[in-house]
Amino acid sequence: MGKIVVTEFVSLDGVMEDPGGAEDYKHGGWTFEIDRGADGDKFKLDETIGAEALLLGRTTYEGFAAAVGRRWRASSPTSSTACPST
């Protein structure tokens with residue numbers, strides 16, 4: 001059986017909304033005010049790459065799909081039709 005790992009952006013006082021600032025909430029973007037440092041960035045990258053699957057909410061999925069599509073096309077121009085988000 002697989003392992004489920006939950007990773008969330010949540011402040012000490014329980015704020016979860018709009019961590020990246022893309023949704024125009026009054027306090028949006030609060031997570032990017034905190035520098036995780038090189039070790040923190042590596043941890044998040046390793047966590048994501050090591051996952052067999054990601055379960056994302058709609059807004060997060062739409063952001064991921066747009067970003068992945070841009071990166072896919074930039075890194076492999078001949079395979080743009082293979083990326084479902086293009």
# chains A, B, ... in the order shown; residues from 1 in each chain; ligands from 1
call {"tool": "residues_around", "arguments": {"residues": "Phe32 of chain A", "least_positions_apart": "2", "cutoff": "9 Å", "atoms": "only C-alpha atoms", "output": "list in words"}}
result
Pro19, Gly20, Gly21, Gly29, Trp30, Ile34 and Asp35 of chain A
call {"tool": "write_last_selection", "arguments": {"atoms": "C-alpha atoms", "output": "compact mmCIF listing (two decimals), in the first residue's frame"}}
result
# COMPACT_ATOMS: atom_id res chain seq x y z
CA PRO A 19 -0.46 31.47 0.11
CA GLY A 20 1.01 32.48 -3.25
CA GLY A 21 -0.91 35.71 -3.72
CA GLY A 29 1.21 35.92 -0.84
CA TRP A 30 2.16 35.55 2.79
CA ILE A 34 9.38 33.73 4.35
CA ASP A 35 12.75 32.57 3.03
call {"tool": "residues_around", "arguments": {"residues": "segment 36-45 of chain A", "least_positions_apart": "5", "cutoff": "12 Å", "atoms": "only C-alpha atoms", "output": "VMD selection string"}}
result
chain A and resid 7 to 9 31 50 to 51
call {"tool": "write_last_selection", "arguments": {"atoms": "N, CA and C atoms", "output": "PDB file, in the first residue's frame"}}
result
ATOM      1  N   THR A   7       1.071  17.927   2.658  1.00  0.00           N
ATOM      2  CA  THR A   7       1.899  19.118   2.805  1.00  0.00           C
ATOM      3  C   THR A   7       1.016  20.325   2.540  1.00  0.00           C
ATOM      4  N   GLU A   8       1.022  21.273   3.452  1.00  0.00           N
ATOM      5  CA  GLU A   8       0.140  22.437   3.347  1.00  0.00           C
ATOM      6  C   GLU A   8       0.896  23.699   3.718  1.00  0.00           C
ATOM      7  N   PHE A   9       0.448  24.787   3.147  1.00  0.00           N
ATOM      8  CA  PHE A   9       0.901  26.102   3.583  1.00  0.00           C
ATOM      9  C   PHE A   9      -0.109  26.571   4.614  1.00  0.00           C
ATOM     10  N   THR A  31       3.180  33.393   2.141  1.00  0.00           N
ATOM     11  CA  THR A  31       4.229  32.376   2.238  1.00  0.00           C
ATOM     12  C   THR A  31       5.520  32.818   1.575  1.00  0.00           C
ATOM     13  N   GLY A  50       9.611  13.225  -5.328  1.00  0.00           N
ATOM     14  CA  GLY A  50       9.509  11.875  -4.788  1.00  0.00           C
ATOM     15  C   GLY A  50       8.094  11.337  -4.709  1.00  0.00           C
ATOM     16  N   ALA A  51       7.114  12.188  -4.942  1.00  0.00           N
ATOM     17  CA  ALA A  51       5.721  11.742  -4.862  1.00  0.00           C
ATOM     18  C   ALA A  51       5.332  10.949  -6.102  1.00  0.00           C
TER      19      ALA A  51
END
call {"tool": "residues_around", "arguments": {"residues": "Glu52 of chain A", "least_positions_apart": "3", "cutoff": "12 Å", "atoms": "only C-alpha atoms", "output": "PyMOL selection string"}}
result
chain A and resi 2-5+46-49+55
call {"tool": "atom_distance", "arguments": {"atom1": "atom CA of Thr59 of chain A", "atom2": "atom CA of Met1 of chain A"}}
result
28.7 Å
call {"tool": "select_by_dssp", "arguments": {"residues": "chain A", "states": "alpha helix (DSSP H)", "output": "count of residues only"}}
result
31
call {"tool": "atom_distance", "arguments": {"atom1": "atom CA of Lys26 of chain A", "atom2": "atom CA of Asp13 of chain A"}}
result
15.9 Å
call {"tool": "decode", "arguments": {"residues": "segment 23-48 of chain A", "atoms": "N, CA, C and O atoms", "output": "mmCIF file, in the first residue's frame"}}
result
data_model
loop_
_atom_site.group_PDB
_atom_site.id
_atom_site.type_symbol
_atom_site.label_atom_id
_atom_site.label_comp_id
_atom_site.auth_asym_id
_atom_site.auth_seq_id
_atom_site.Cartn_x
_atom_site.Cartn_y
_atom_site.Cartn_z
ATOM 1 N N GLU A 23 -4.694 34.985 -5.810
ATOM 2 C CA GLU A 23 -6.148 35.092 -5.729
ATOM 3 C C GLU A 23 -6.630 36.442 -5.210
ATOM 4 O O GLU A 23 -7.809 36.641 -4.964
ATOM 5 N N ASP A 24 -5.715 37.369 -5.024
ATOM 6 C CA ASP A 24 -6.047 38.753 -4.634
ATOM 7 C C ASP A 24 -6.744 38.900 -3.290
ATOM 8 O O ASP A 24 -7.555 39.789 -3.095
ATOM 9 N N TYR A 25 -6.463 37.998 -2.351
ATOM 10 C CA TYR A 25 -6.969 38.199 -0.999
ATOM 11 C C TYR A 25 -6.148 39.298 -0.328
ATOM 12 O O TYR A 25 -4.998 39.554 -0.701
ATOM 13 N N LYS A 26 -6.733 39.908 0.687
ATOM 14 C CA LYS A 26 -6.086 41.037 1.376
ATOM 15 C C LYS A 26 -4.668 40.686 1.838
ATOM 16 O O LYS A 26 -3.753 41.473 1.685
ATOM 17 N N HIS A 27 -4.482 39.496 2.391
ATOM 18 C CA HIS A 27 -3.171 39.098 2.916
ATOM 19 C C HIS A 27 -2.519 38.021 2.048
ATOM 20 O O HIS A 27 -1.676 37.257 2.527
ATOM 21 N N GLY A 28 -2.911 37.928 0.790
ATOM 22 C CA GLY A 28 -2.369 36.917 -0.114
ATOM 23 C C GLY A 28 -0.871 37.046 -0.306
ATOM 24 O O GLY A 28 -0.304 38.135 -0.214
ATOM 25 N N GLY A 29 -0.234 35.939 -0.595
ATOM 26 C CA GLY A 29 1.205 35.923 -0.839
ATOM 27 C C GLY A 29 2.056 35.824 0.403
ATOM 28 O O GLY A 29 3.269 35.964 0.354
ATOM 29 N N TRP A 30 1.433 35.535 1.519
ATOM 30 C CA TRP A 30 2.162 35.548 2.791
ATOM 31 C C TRP A 30 3.275 34.513 2.860
ATOM 32 O O TRP A 30 4.275 34.725 3.543
ATOM 33 N N THR A 31 3.180 33.393 2.141
ATOM 34 C CA THR A 31 4.229 32.376 2.238
ATOM 35 C C THR A 31 5.520 32.818 1.575
ATOM 36 O O THR A 31 6.593 32.366 1.953
ATOM 37 N N PHE A 32 5.426 33.683 0.589
ATOM 38 C CA PHE A 32 6.631 34.093 -0.128
ATOM 39 C C PHE A 32 7.407 35.181 0.607
ATOM 40 O O PHE A 32 8.461 35.600 0.161
ATOM 41 N N GLU A 33 6.864 35.637 1.717
ATOM 42 C CA GLU A 33 7.592 36.589 2.555
ATOM 43 C C GLU A 33 8.591 35.869 3.459
ATOM 44 O O GLU A 33 9.393 36.495 4.124
ATOM 45 N N ILE A 34 8.520 34.542 3.481
ATOM 46 C CA ILE A 34 9.380 33.730 4.350
ATOM 47 C C ILE A 34 10.409 33.018 3.487
ATOM 48 O O ILE A 34 10.069 32.290 2.562
ATOM 49 N N ASP A 35 11.672 33.233 3.774
ATOM 50 C CA ASP A 35 12.745 32.574 3.030
ATOM 51 C C ASP A 35 13.040 31.225 3.677
ATOM 52 O O ASP A 35 13.484 31.157 4.815
ATOM 53 N N ARG A 36 12.760 30.146 2.940
ATOM 54 C CA ARG A 36 13.017 28.795 3.461
ATOM 55 C C ARG A 36 14.500 28.475 3.450
ATOM 56 O O ARG A 36 14.935 27.531 4.092
ATOM 57 N N GLY A 37 15.260 29.195 2.658
ATOM 58 C CA GLY A 37 16.676 28.904 2.516
ATOM 59 C C GLY A 37 16.891 27.736 1.564
ATOM 60 O O GLY A 37 15.947 27.085 1.121
ATOM 61 N N ALA A 38 18.117 27.473 1.229
ATOM 62 C CA ALA A 38 18.458 26.415 0.277
ATOM 63 C C ALA A 38 17.990 25.041 0.761
ATOM 64 O O ALA A 38 17.481 24.239 -0.022
ATOM 65 N N ASP A 39 18.140 24.769 2.059
ATOM 66 C CA ASP A 39 17.714 23.471 2.588
ATOM 67 C C ASP A 39 16.200 23.306 2.508
ATOM 68 O O ASP A 39 15.696 22.237 2.164
ATOM 69 N N GLY A 40 15.461 24.352 2.812
ATOM 70 C CA GLY A 40 14.010 24.293 2.730
ATOM 71 C C GLY A 40 13.529 24.124 1.299
ATOM 72 O O GLY A 40 12.598 23.356 1.029
ATOM 73 N N ASP A 41 14.176 24.837 0.371
ATOM 74 C CA ASP A 41 13.816 24.692 -1.045
ATOM 75 C C ASP A 41 14.105 23.278 -1.537
ATOM 76 O O ASP A 41 13.306 22.686 -2.261
ATOM 77 N N LYS A 42 15.243 22.724 -1.135
ATOM 78 C CA LYS A 42 15.593 21.359 -1.544
ATOM 79 C C LYS A 42 14.599 20.353 -0.964
ATOM 80 O O LYS A 42 14.165 19.424 -1.635
ATOM 81 N N PHE A 43 14.207 20.560 0.292
ATOM 82 C CA PHE A 43 13.233 19.676 0.917
ATOM 83 C C PHE A 43 11.923 19.660 0.132
ATOM 84 O O PHE A 43 11.372 18.606 -0.171
ATOM 85 N N LYS A 44 11.396 20.843 -0.223
ATOM 86 C CA LYS A 44 10.133 20.918 -0.958
ATOM 87 C C LYS A 44 10.267 20.303 -2.349
ATOM 88 O O LYS A 44 9.363 19.616 -2.817
ATOM 89 N N LEU A 45 11.384 20.537 -3.023
ATOM 90 C CA LEU A 45 11.592 19.953 -4.346
ATOM 91 C C LEU A 45 11.665 18.435 -4.250
ATOM 92 O O LEU A 45 11.005 17.729 -5.011
ATOM 93 N N ASP A 46 12.450 17.922 -3.320
ATOM 94 C CA ASP A 46 12.575 16.472 -3.140
ATOM 95 C C ASP A 46 11.225 15.837 -2.784
ATOM 96 O O ASP A 46 10.892 14.757 -3.269
ATOM 97 N N GLU A 47 10.462 16.518 -1.950
ATOM 98 C CA GLU A 47 9.148 16.020 -1.554
ATOM 99 C C GLU A 47 8.225 15.899 -2.775
ATOM 100 O O GLU A 47 7.542 14.895 -2.956
ATOM 101 N N THR A 48 8.239 16.897 -3.628
ATOM 102 C CA THR A 48 7.383 16.892 -4.814
ATOM 103 C C THR A 48 7.845 15.867 -5.839
ATOM 104 O O THR A 48 7.043 15.085 -6.361
#
